[in-house]
>>> print(open('upload-v7.cif').read())   # mmCIF, C-alpha atoms
data_upload
#
loop_
_atom_site.label_atom_id
_atom_site.label_comp_id
_atom_site.auth_asym_id
_atom_site.auth_seq_id
_atom_site.Cartn_x
_atom_site.Cartn_y
_atom_site.Cartn_z
CA MET A 1 -7.22 -3.94 -20.63
CA GLU A 2 -10.71 -5.38 -20.96
CA LEU A 3 -11.25 -6.59 -17.37
CA LEU A 4 -10.29 -3.14 -16.08
CA LYS A 5 -12.59 -1.29 -18.49
CA LYS A 6 -15.44 -3.62 -17.55
CA MET A 7 -14.90 -2.97 -13.83
CA ILE A 8 -14.70 0.80 -14.42
CA LEU A 9 -17.98 0.78 -16.32
CA GLU A 10 -19.75 -1.48 -13.82
CA ASN A 11 -18.33 -0.17 -10.54
CA GLY A 12 -16.79 3.27 -11.15
CA HIS A 13 -18.62 6.33 -9.81
CA ILE A 14 -18.49 9.67 -11.57
CA ILE A 15 -18.20 12.28 -8.82
CA ASN A 16 -18.00 15.18 -11.26
CA GLU A 17 -16.63 15.69 -14.77
CA ASN A 18 -13.05 15.57 -13.42
CA VAL A 19 -13.23 12.88 -10.72
CA LEU A 20 -13.88 9.16 -11.09
CA LYS A 21 -14.14 7.10 -7.90
CA VAL A 22 -12.93 3.49 -8.11
CA ASP A 23 -13.05 2.78 -4.39
CA SER A 24 -14.71 -0.61 -4.78
CA PHE A 25 -11.85 -2.32 -6.65
CA ILE A 26 -8.70 -0.14 -6.61
CA ASN A 27 -8.52 2.51 -3.87
CA HIS A 28 -10.36 1.33 -0.75
CA GLN A 29 -11.44 -2.22 -1.53
CA VAL A 30 -8.88 -3.91 -3.81
CA SER A 31 -9.60 -6.77 -6.20
CA PRO A 32 -6.79 -9.37 -6.03
CA SER A 33 -7.59 -10.85 -9.45
CA LEU A 34 -7.51 -7.39 -11.06
CA MET A 35 -4.17 -6.61 -9.39
CA LYS A 36 -2.68 -9.90 -10.63
CA GLU A 37 -3.72 -9.11 -14.18
CA ILE A 38 -2.40 -5.53 -13.89
CA GLY A 39 0.99 -6.84 -12.73
CA SER A 40 1.21 -9.22 -15.71
CA GLU A 41 0.13 -6.51 -18.14
CA PHE A 42 2.79 -4.02 -17.00
CA TYR A 43 5.41 -6.77 -17.05
CA ASN A 44 4.55 -7.76 -20.62
CA TYR A 45 4.72 -4.17 -21.81
CA PHE A 46 7.99 -3.19 -20.13
CA LYS A 47 9.76 -6.56 -19.89
CA ASP A 48 12.52 -5.67 -22.38
CA ASN A 49 13.50 -2.49 -20.52
CA LYS A 50 15.91 -4.14 -18.03
CA ILE A 51 13.93 -2.74 -15.07
CA THR A 52 15.83 -2.98 -11.75
CA LYS A 53 13.24 -1.42 -9.45
CA ILE A 54 9.54 -0.49 -9.28
CA ILE A 55 8.75 2.84 -7.65
CA THR A 56 5.29 3.93 -6.53
CA ILE A 57 3.63 6.55 -4.36
CA GLU A 58 1.78 5.68 -1.17
CA SER A 59 -0.79 4.39 -0.83
CA SER A 60 -3.05 3.50 -3.80
CA GLY A 61 -0.09 2.66 -6.04
CA ILE A 62 1.26 -0.01 -3.70
CA ALA A 63 -0.97 -2.93 -4.75
CA PRO A 64 -0.40 -2.66 -8.54
CA ALA A 65 3.29 -1.84 -8.01
CA LEU A 66 3.80 -4.91 -5.83
CA MET A 67 2.23 -7.21 -8.41
CA THR A 68 4.46 -5.66 -11.07
CA ALA A 69 7.53 -6.07 -8.84
CA ILE A 70 6.67 -9.74 -8.32
CA ASN A 71 6.53 -10.29 -12.09
CA PHE A 72 9.90 -8.56 -12.59
CA ASN A 73 11.33 -10.09 -9.40
CA VAL A 74 12.83 -6.74 -8.39
CA PRO A 75 12.29 -4.63 -5.24
CA MET A 76 9.45 -2.11 -4.96
CA VAL A 77 10.14 1.26 -3.34
CA ILE A 78 7.27 3.29 -1.88
CA LEU A 79 7.69 7.06 -2.07
CA LYS A 80 6.35 8.49 1.18
CA LYS A 81 4.06 11.48 1.44
CA GLN A 82 5.41 13.55 4.31
CA THR A 83 3.61 16.59 5.61
CA SER A 84 6.79 18.23 6.90
CA SER A 85 10.38 18.53 5.74
CA ILE A 86 12.73 15.86 6.94
CA LEU A 87 15.96 17.45 8.09
CA ASN A 88 18.09 14.57 6.98
CA GLU A 89 20.97 14.39 4.53
CA ASN A 90 19.92 10.92 3.54
CA VAL A 91 16.66 11.67 1.66
CA TYR A 92 15.56 13.25 -1.60
CA GLN A 93 12.43 15.39 -1.22
CA THR A 94 10.21 17.42 -3.52
CA ASN A 95 6.86 19.22 -3.17
CA VAL A 96 3.86 17.81 -4.99
CA LYS A 97 0.53 19.58 -5.31
CA SER A 98 -2.57 17.38 -5.55
CA PHE A 99 -5.20 19.25 -7.55
CA THR A 100 -7.87 16.65 -6.84
CA LYS A 101 -7.44 16.91 -3.08
CA ASN A 102 -6.16 20.51 -3.05
CA THR A 103 -3.26 19.59 -0.78
CA THR A 104 0.53 19.72 -0.97
CA TYR A 105 2.83 17.03 0.33
CA LYS A 106 6.55 16.32 0.34
CA LEU A 107 7.36 13.21 -1.67
CA THR A 108 10.29 11.49 0.04
CA LEU A 109 12.82 8.86 -1.06
CA SER A 110 15.70 7.53 1.01
CA LYS A 111 19.05 7.63 -0.78
CA ASP A 112 19.64 4.09 0.48
CA TYR A 113 17.16 2.58 -1.96
CA ILE A 114 18.20 4.08 -5.27
CA SER A 115 21.47 4.25 -7.19
CA LYS A 116 22.82 5.61 -10.48
CA GLU A 117 22.64 2.14 -11.99
CA ASP A 118 18.88 1.79 -11.45
CA LYS A 119 16.42 1.61 -14.32
CA ILE A 120 13.09 2.50 -12.78
CA LEU A 121 9.51 1.71 -13.72
CA ILE A 122 7.07 4.09 -12.00
CA ILE A 123 3.62 2.60 -11.27
CA ASP A 124 0.63 4.61 -10.07
CA ASP A 125 -3.15 4.31 -9.98
CA PHE A 126 -4.17 7.57 -11.70
CA LEU A 127 -2.64 10.04 -14.14
CA ALA A 128 -4.35 13.43 -14.25
CA SER A 129 -2.17 16.55 -14.47
CA GLY A 130 0.93 14.44 -13.90
CA GLU A 131 2.08 16.26 -10.77
CA ALA A 132 2.73 13.08 -8.77
CA ALA A 133 4.60 11.43 -11.66
CA LYS A 134 6.71 14.55 -12.18
CA GLY A 135 7.58 14.54 -8.48
CA ALA A 136 8.62 10.88 -8.64
CA ILE A 137 10.71 11.53 -11.79
CA LYS A 138 12.47 14.44 -10.10
CA LEU A 139 13.51 12.29 -7.11
CA ILE A 140 14.68 9.44 -9.35
CA GLU A 141 16.69 11.72 -11.63
CA ASN A 142 18.16 13.58 -8.64
CA ALA A 143 19.66 10.21 -7.73
CA GLY A 144 21.13 9.86 -11.23
CA ALA A 145 18.90 6.86 -11.99
CA GLU A 146 16.91 6.39 -15.20
CA VAL A 147 13.12 6.50 -15.57
CA SER A 148 12.63 3.64 -18.04
CA GLY A 149 8.85 3.75 -18.07
CA ILE A 150 5.67 4.90 -16.39
CA GLY A 151 2.71 2.53 -15.93
CA ILE A 152 -0.69 3.97 -15.01
CA ILE A 153 -3.91 2.11 -14.28
CA ILE A 154 -6.36 4.91 -15.22
CA GLU A 155 -5.40 7.91 -17.31
CA LYS A 156 -7.71 10.91 -17.45
CA SER A 157 -6.81 11.71 -21.02
CA PHE A 158 -8.72 15.01 -20.94
CA GLN A 159 -6.12 16.36 -18.50
CA SER A 160 -2.57 17.38 -19.33
CA GLY A 161 -0.52 14.57 -17.71
CA ARG A 162 0.16 12.42 -20.78
CA LYS A 163 1.20 15.35 -22.95
CA THR A 164 3.55 16.70 -20.28
CA LEU A 165 5.27 13.34 -19.79
CA GLU A 166 5.47 12.44 -23.49
CA ASP A 167 6.84 15.88 -24.37
CA GLN A 168 9.67 15.14 -21.95
CA GLY A 169 10.34 11.84 -23.71
CA TYR A 170 9.04 9.37 -21.16
CA ARG A 171 7.52 6.04 -22.19
CA LEU A 172 4.01 5.90 -20.79
CA TYR A 173 1.55 3.01 -20.75
CA SER A 174 -1.96 3.45 -19.35
CA LEU A 175 -4.24 0.45 -18.98
CA ALA A 176 -7.45 2.49 -19.38
CA ARG A 177 -7.62 5.92 -21.02
CA ILE A 178 -10.66 8.01 -20.23
CA LYS A 179 -11.62 10.54 -22.85
CA SER A 180 -14.46 12.14 -20.93
CA LEU A 181 -16.55 11.99 -17.76
CA GLN A 182 -19.04 14.57 -19.02
CA ASN A 183 -22.82 14.13 -19.02
CA ASN A 184 -22.48 11.52 -16.29
CA ALA A 185 -20.99 8.99 -18.73
CA ILE A 186 -17.58 7.29 -18.89
CA GLU A 187 -16.13 7.45 -22.39
CA PHE A 188 -12.89 5.61 -23.20
CA LEU A 189 -10.25 6.58 -25.73
CA ASP A 190 -9.35 3.62 -27.92
CA MET B 1 9.38 -17.69 9.65
CA GLU B 2 13.07 -18.21 8.98
CA LEU B 3 13.51 -15.94 5.91
CA LEU B 4 11.91 -13.07 7.83
CA LYS B 5 14.08 -13.58 10.94
CA LYS B 6 17.19 -13.72 8.74
CA MET B 7 16.25 -10.45 7.01
CA ILE B 8 15.49 -8.78 10.36
CA LEU B 9 18.89 -9.81 11.74
CA GLU B 10 20.78 -8.83 8.59
CA ASN B 11 18.92 -5.67 7.59
CA GLY B 12 16.91 -4.42 10.58
CA HIS B 13 18.12 -1.30 12.38
CA ILE B 14 17.61 -0.79 16.08
CA ILE B 15 16.68 2.88 16.52
CA ASN B 16 16.22 2.57 20.27
CA GLU B 17 15.08 -0.16 22.67
CA ASN B 18 11.48 0.28 21.48
CA VAL B 19 11.87 0.91 17.74
CA LEU B 20 13.13 -1.43 15.03
CA LYS B 21 13.43 -0.02 11.51
CA VAL B 22 12.83 -2.45 8.64
CA ASP B 23 12.77 0.15 5.87
CA SER B 24 14.96 -1.85 3.51
CA PHE B 25 12.57 -4.80 3.04
CA ILE B 26 9.12 -4.00 4.51
CA ASN B 27 8.32 -0.30 5.00
CA HIS B 28 10.05 1.81 2.35
CA GLN B 29 11.73 -0.70 0.05
CA VAL B 30 9.67 -3.90 -0.15
CA SER B 31 11.01 -7.36 -0.98
CA PRO B 32 8.63 -9.17 -3.38
CA SER B 33 9.94 -12.64 -2.49
CA LEU B 34 9.45 -11.94 1.22
CA MET B 35 5.90 -10.69 0.60
CA LYS B 36 5.05 -13.80 -1.42
CA GLU B 37 6.25 -16.04 1.41
CA ILE B 38 4.35 -13.95 3.99
CA GLY B 39 1.13 -14.32 1.96
CA SER B 40 1.52 -18.11 1.83
CA GLU B 41 2.34 -18.32 5.51
CA PHE B 42 -0.75 -16.39 6.63
CA TYR B 43 -2.88 -18.43 4.24
CA ASN B 44 -1.60 -21.72 5.64
CA TYR B 45 -2.24 -20.62 9.20
CA PHE B 46 -5.76 -19.22 8.72
CA LYS B 47 -6.97 -21.26 5.75
CA ASP B 48 -9.63 -23.18 7.72
CA ASN B 49 -11.25 -20.00 9.07
CA LYS B 50 -13.57 -19.34 6.08
CA ILE B 51 -12.08 -15.85 5.62
CA THR B 52 -14.16 -13.63 3.31
CA LYS B 53 -12.05 -10.48 3.39
CA ILE B 54 -8.57 -9.24 4.33
CA ILE B 55 -8.44 -5.88 6.11
CA THR B 56 -5.30 -3.82 6.60
CA ILE B 57 -4.25 -0.29 7.55
CA GLU B 58 -2.56 2.04 5.08
CA SER B 59 0.15 2.00 4.09
CA SER B 60 2.75 -0.54 5.32
CA GLY B 61 0.16 -3.30 5.72
CA ILE B 62 -0.95 -3.18 2.08
CA ALA B 63 1.79 -5.34 0.55
CA PRO B 64 1.50 -8.31 2.97
CA ALA B 65 -2.31 -8.00 3.01
CA LEU B 66 -2.51 -8.11 -0.79
CA MET B 67 -0.38 -11.25 -0.97
CA THR B 68 -2.60 -12.84 1.67
CA ALA B 69 -5.75 -11.78 -0.24
CA ILE B 70 -4.35 -13.34 -3.41
CA ASN B 71 -3.83 -16.65 -1.60
CA PHE B 72 -7.37 -16.59 -0.19
CA ASN B 73 -8.81 -15.14 -3.43
CA VAL B 74 -10.89 -12.63 -1.45
CA PRO B 75 -10.94 -8.81 -1.59
CA MET B 76 -8.58 -6.68 0.48
CA VAL B 77 -9.91 -3.55 2.17
CA ILE B 78 -7.52 -0.77 3.17
CA LEU B 79 -8.52 1.21 6.27
CA LYS B 80 -7.69 4.84 5.59
CA LYS B 81 -5.91 7.13 8.03
CA GLN B 82 -7.79 10.43 7.87
CA THR B 83 -6.60 13.50 9.70
CA SER B 84 -10.10 14.97 9.98
CA SER B 85 -13.60 13.64 10.62
CA ILE B 86 -15.60 12.71 7.58
CA LEU B 87 -19.12 14.05 7.89
CA ASN B 88 -20.68 11.14 6.09
CA GLU B 89 -23.26 8.63 7.19
CA ASN B 90 -21.61 5.99 5.05
CA VAL B 91 -18.38 5.43 7.04
CA TYR B 92 -17.28 3.89 10.32
CA GLN B 93 -14.57 5.94 12.05
CA THR B 94 -12.51 5.61 15.22
CA ASN B 95 -9.53 7.47 16.71
CA VAL B 96 -6.20 5.66 16.92
CA LYS B 97 -3.17 6.94 18.80
CA SER B 98 0.23 5.98 17.43
CA PHE B 99 2.69 5.87 20.33
CA THR B 100 5.68 5.35 18.03
CA LYS B 101 4.91 8.46 15.98
CA ASN B 102 3.07 10.36 18.74
CA THR B 103 0.18 11.19 16.43
CA THR B 104 -3.55 10.52 16.34
CA TYR B 105 -5.50 9.64 13.22
CA LYS B 106 -9.06 8.65 12.35
CA LEU B 107 -9.20 5.12 10.99
CA THR B 108 -11.95 5.04 8.36
CA LEU B 109 -13.93 2.24 6.71
CA SER B 110 -16.72 2.68 4.18
CA LYS B 111 -19.90 0.77 5.04
CA ASP B 112 -20.03 -0.36 1.40
CA TYR B 113 -17.13 -2.79 1.85
CA ILE B 114 -18.14 -4.75 4.93
CA SER B 115 -21.23 -6.69 5.95
CA LYS B 116 -22.52 -8.76 8.88
CA GLU B 117 -21.66 -11.95 7.01
CA ASP B 118 -17.94 -11.12 6.70
CA LYS B 119 -15.26 -13.15 8.46
CA ILE B 120 -12.25 -10.86 8.53
CA LEU B 121 -8.53 -11.51 8.74
CA ILE B 122 -6.64 -8.37 9.82
CA ILE B 123 -3.08 -8.11 8.46
CA ASP B 124 -0.54 -5.51 9.61
CA ASP B 125 3.22 -5.01 9.61
CA PHE B 126 3.84 -4.35 13.33
CA LEU B 127 2.16 -5.13 16.63
CA ALA B 128 3.30 -2.99 19.57
CA SER B 129 0.68 -1.70 22.02
CA GLY B 130 -2.08 -2.95 19.73
CA GLU B 131 -3.76 0.42 19.24
CA ALA B 132 -4.05 0.08 15.45
CA ALA B 133 -5.39 -3.48 15.70
CA LYS B 134 -7.91 -2.43 18.35
CA GLY B 135 -9.08 0.39 16.06
CA ALA B 136 -9.51 -2.02 13.15
CA ILE B 137 -11.41 -4.49 15.37
CA LYS B 138 -13.74 -1.73 16.55
CA LEU B 139 -14.67 -0.74 12.98
CA ILE B 140 -15.19 -4.37 11.93
CA GLU B 141 -17.35 -5.19 14.96
CA ASN B 142 -19.34 -1.95 14.54
CA ALA B 143 -20.34 -3.41 11.19
CA GLY B 144 -21.45 -6.64 12.87
CA ALA B 145 -18.71 -8.63 11.10
CA GLU B 146 -16.43 -11.16 12.78
CA VAL B 147 -12.69 -10.80 13.38
CA SER B 148 -11.56 -14.34 12.60
CA GLY B 149 -7.86 -13.73 13.00
CA ILE B 150 -5.03 -11.21 13.18
CA GLY B 151 -1.79 -11.75 11.25
CA ILE B 152 1.25 -9.64 12.13
CA ILE B 153 4.66 -9.61 10.46
CA ILE B 154 6.70 -8.37 13.45
CA GLU B 155 5.47 -8.46 17.03
CA LYS B 156 7.27 -6.47 19.69
CA SER B 157 6.53 -9.02 22.39
CA PHE B 158 7.91 -6.76 25.13
CA GLN B 159 4.93 -4.45 24.57
CA SER B 160 1.33 -5.08 25.58
CA GLY B 161 -0.38 -5.72 22.21
CA ARG B 162 -0.45 -9.52 22.25
CA LYS B 163 -1.75 -9.75 25.80
CA THR B 164 -4.50 -7.20 25.12
CA LEU B 165 -5.70 -9.01 22.00
CA GLU B 166 -5.46 -12.53 23.45
CA ASP B 167 -7.28 -11.46 26.63
CA GLN B 168 -10.16 -10.41 24.37
CA GLY B 169 -10.14 -13.83 22.70
CA TYR B 170 -8.69 -12.99 19.30
CA ARG B 171 -6.58 -15.49 17.38
CA LEU B 172 -3.21 -13.89 16.71
CA TYR B 173 -0.34 -15.15 14.58
CA SER B 174 2.93 -13.22 14.38
CA LEU B 175 5.63 -14.29 11.93
CA ALA B 176 8.47 -12.93 14.06
CA ARG B 177 8.26 -12.24 17.79
CA ILE B 178 10.86 -9.92 19.26
CA LYS B 179 11.63 -10.41 22.92
CA SER B 180 13.99 -7.49 23.28
CA LEU B 181 15.83 -4.73 21.45
CA GLN B 182 17.96 -3.86 24.48
CA ASN B 183 21.76 -3.51 24.43
CA ASN B 184 21.62 -2.88 20.68
CA ALA B 185 20.75 -6.53 19.98
CA ILE B 186 17.68 -8.17 18.45
CA GLU B 187 16.48 -11.11 20.54
CA PHE B 188 13.66 -13.33 19.27
CA LEU B 189 11.12 -15.23 21.34
CA ASP B 190 10.85 -18.82 20.19
#
>>> encode(input="upload-v7.cif", output="structure tokens")
Amino acid sequence: MELLKKMILENGHIINENVLKVDSFINHQVSPSLMKEIGSEFYNYFKDNKITKIITIESSGIAPALMTAINFNVPMVILKKQTSSILNENVYQTNVKSFTKNTTYKLTLSKDYISKEDKILIIDDFLASGEAAKGAIKLIENAGAEVSGIGIIIEKSFQSGRKTLEDQGYRLYSLARIKSLQNNAIEFLD
Amino acid sequence: MELLKKMILENGHIINENVLKVDSFINHQVSPSLMKEIGSEFYNYFKDNKITKIITIESSGIAPALMTAINFNVPMVILKKQTSSILNENVYQTNVKSFTKNTTYKLTLSKDYISKEDKILIIDDFLASGEAAKGAIKLIENAGAEVSGIGIIIEKSFQSGRKTLEDQGYRLYSLARIKSLQNNAIEFLD
């Protein structure tokens, strides 16, 4: 996606060879025109997959997921990051480790908002090792629903996330694929 | 806003006389058609205020704030809830106490995404005691920017938030105003 790549090159900050900060247009300040285009792009790619629901992870996935949900005209469900276990029969929960932030959280989904008939498109801002996506997949499949696709804004292609998800047969579409952040330069994969 | 009131009556859950759960269309599952209408409604109300930026608080405010930002065609900035102090000259921070959840967090705004010239519209899902809104206002005014309006989806009018904000001269628009949740019934204020 050309607009996205342009914004990454102009406004992204390389923190180190593993971390790219896009706080000025995705994570802290959010560009509405970029989000509109992202929503259209994910819709065009997955529109034949009979998607019934968009699922994302709080909180940086919410903006792109909402724009995608608007294009599909289906509900969006936000997986919550809880710090403690919810003692409640009515939720699915799984542990997710964030390598970037070195924290663990409990990804939580109410059973009320997913059913066996659902065909889910997962939307998130970053794909690195794929831990968050794997957590989301686990909750969705626990409910007997289908993961019909995974849409990512920025993939760090030098990490293992894509391989892990593709090896398990999931359909993955990343709008920008970063080959390397080494030598203080952003290099895209074509 | 009639669609919102209808959804609150049909799908809201009274947890106790102070807490209304709207997880099925605002907080956990999100209705895209409702969010679109909310964005238009806030735009129509504040469109003459020369708004330069929409500010919200993660994470339930993001969806309505993004739709509002799209209508205004201005950036959205998400105030982050940090659990610890950031030792960084480049952020504004203030403590906010959540009475509903009985927690305290540090609302955080990078100095990069606000300037003295900004005219800000704050968007959030709920107004109760007004603690979150007061925190947001403090950060915005620390930056020398102007709070031009506050847009709320659901106001619990039996709590003190509206009075506090109006006494300080802020322009507040709530899409649904709840007079009472007593006796297991939702009563709106006209």
>>> atom_distance(input="upload-v7.cif", atom1="CA of Lys119 (chain B)", atom2="CA of Val96 (chain B)")
22.5 Å
>>> closest_atom_pairs(input="upload-v7.cif", of="chain A", to="chain B", cutoff="8 Å", atoms="only C-alpha atoms", output="tab-separated table")
residue	atom	partner	partner_atom	distance
A:Ser24	CA	B:Tyr113	CA	7.4
A:Asn27	CA	B:Ile78	CA	7.8
A:His28	CA	B:Ile78	CA	5.3
A:Gln29	CA	B:Val77	CA	4.2
A:Val30	CA	B:Met76	CA	5.1
A:Ser31	CA	B:Pro75	CA	5.2
A:Pro32	CA	B:Ile70	CA	5.3
A:Ser33	CA	B:Ile70	CA	7.3
A:Glu58	CA	B:Ser59	CA	6.6
A:Ser59	CA	B:Ser59	CA	5.5
A:Ile62	CA	B:Ala63	CA	6.8
A:Ala63	CA	B:Ala63	CA	6.4
A:Leu66	CA	B:Ala63	CA	6.7
A:Ala69	CA	B:Pro32	CA	6.4
A:Ile70	CA	B:Pro32	CA	5.3
A:Asn73	CA	B:Pro32	CA	6.7
A:Val74	CA	B:Pro32	CA	7.0
A:Pro75	CA	B:Ser31	CA	5.2
A:Met76	CA	B:Val30	CA	5.1
A:Val77	CA	B:Gln29	CA	4.2
A:Ile78	CA	B:His28	CA	5.3
A:Leu79	CA	B:His28	CA	7.3
A:Lys80	CA	B:His28	CA	7.7
A:Tyr113	CA	B:Gln29	CA	6.7
>>> resolve_selection(input="upload-v7.cif", expression="the PyMOL selection byres ((chain B and resi 157) around 6)", output="ChimeraX atom specification")
/B:155-156,158-159,177-179
>>> residues_near_point(input="upload-v7.cif", point="(14.6, 0.1, 17.1)", cutoff="10 Å", atoms="only C-alpha atoms", output="list in words")
Gly12, His13, Ile14, Ile15, Asn16, Glu17, Asn18, Val19, Leu20, Lys21, Val22, Ser180, Leu181, Gln182, Asn184, Ala185 and Ile186 of chain B
>>> atom_distance(input="upload-v7.cif", atom1="CA of Gly149 (chain B)", atom2="CA of Met1 (chain B)")
18.0 Å
>>> residues_around(input="upload-v7.cif", residues="Leu172 (chain B)", least_positions_apart="3", cutoff="8 Å", atoms="all atoms listed in the file", output="ChimeraX atom specification")
/B:149-152,162,165-166
>>> write_last_selection(input="upload-v7.cif", atoms="C-alpha atoms", output="compact mmCIF listing (two decimals), in the frame of the given file")
# COMPACT_ATOMS: atom_id res chain seq x y z
CA GLY B 149 -7.86 -13.73 13.00
CA ILE B 150 -5.03 -11.21 13.18
CA GLY B 151 -1.79 -11.75 11.25
CA ILE B 152 1.25 -9.64 12.13
CA ARG B 162 -0.45 -9.52 22.25
CA LEU B 165 -5.70 -9.01 22.00
CA GLU B 166 -5.46 -12.53 23.45
>>> residues_around(input="upload-v7.cif", residues="region 97-107 of chain B", least_positions_apart="6", cutoff="7 Å", atoms="all atoms listed in the file", output="list in words")
Leu79, Lys80, Lys81, Gln82, Thr83, Ser84, Ser85, Glu131 and Gly135 of chain B
>>> write_last_selection(input="upload-v7.cif", atoms="C-alpha atoms", output="PDB file, keeping the file's coordinate frame")
ATOM      1  CA  LEU B  79      -8.520   1.210   6.270  1.00  0.00           C
ATOM      2  CA  LYS B  80      -7.690   4.840   5.590  1.00  0.00           C
ATOM      3  CA  LYS B  81      -5.910   7.130   8.030  1.00  0.00           C
ATOM      4  CA  GLN B  82      -7.790  10.430   7.870  1.00  0.00           C
ATOM      5  CA  THR B  83      -6.600  13.500   9.700  1.00  0.00           C
ATOM      6  CA  SER B  84     -10.100  14.970   9.980  1.00  0.00           C
ATOM      7  CA  SER B  85     -13.600  13.640  10.620  1.00  0.00           C
ATOM      8  CA  GLU B 131      -3.760   0.420  19.240  1.00  0.00           C
ATOM      9  CA  GLY B 135      -9.080   0.390  16.060  1.00  0.00           C
TER      10      GLY B 135
END
>>> residues_around(input="upload-v7.cif", residues="Ser160 (chain A)", least_positions_apart="5", cutoff="8 Å", atoms="all atoms listed in the file", output="PDB file with C-alpha atoms, in the frame of the given file")
ATOM      1  CA  ALA A 128      -4.350  13.430 -14.250  1.00  0.00           C
ATOM      2  CA  SER A 129      -2.170  16.550 -14.470  1.00  0.00           C
ATOM      3  CA  GLY A 130       0.930  14.440 -13.900  1.00  0.00           C
TER       4      GLY A 130
END
>>> atom_distance(input="upload-v7.cif", atom1="CA of Ile38 (chain B)", atom2="CA of Asn44 (chain A)")
25.4 Å
>>> closest_residue(input="upload-v7.cif", among="A:Leu34, A:Leu175, A:Val91, A:Ile140", to="Phe126 (chain A)", atoms="all atoms listed in the file")
A:Leu175
>>> residues_near_point(input="upload-v7.cif", point="(-8.1, -17.6, 11.2)", cutoff="9 Å", atoms="only C-alpha atoms", output="count of residues only")
20
>>> closest_residue(input="upload-v7.cif", among="B:Lys116, B:Asp125, B:Glu10, B:Asp167", to="Ala143 (chain B)", atoms="all atoms listed in the file")
B:Lys116
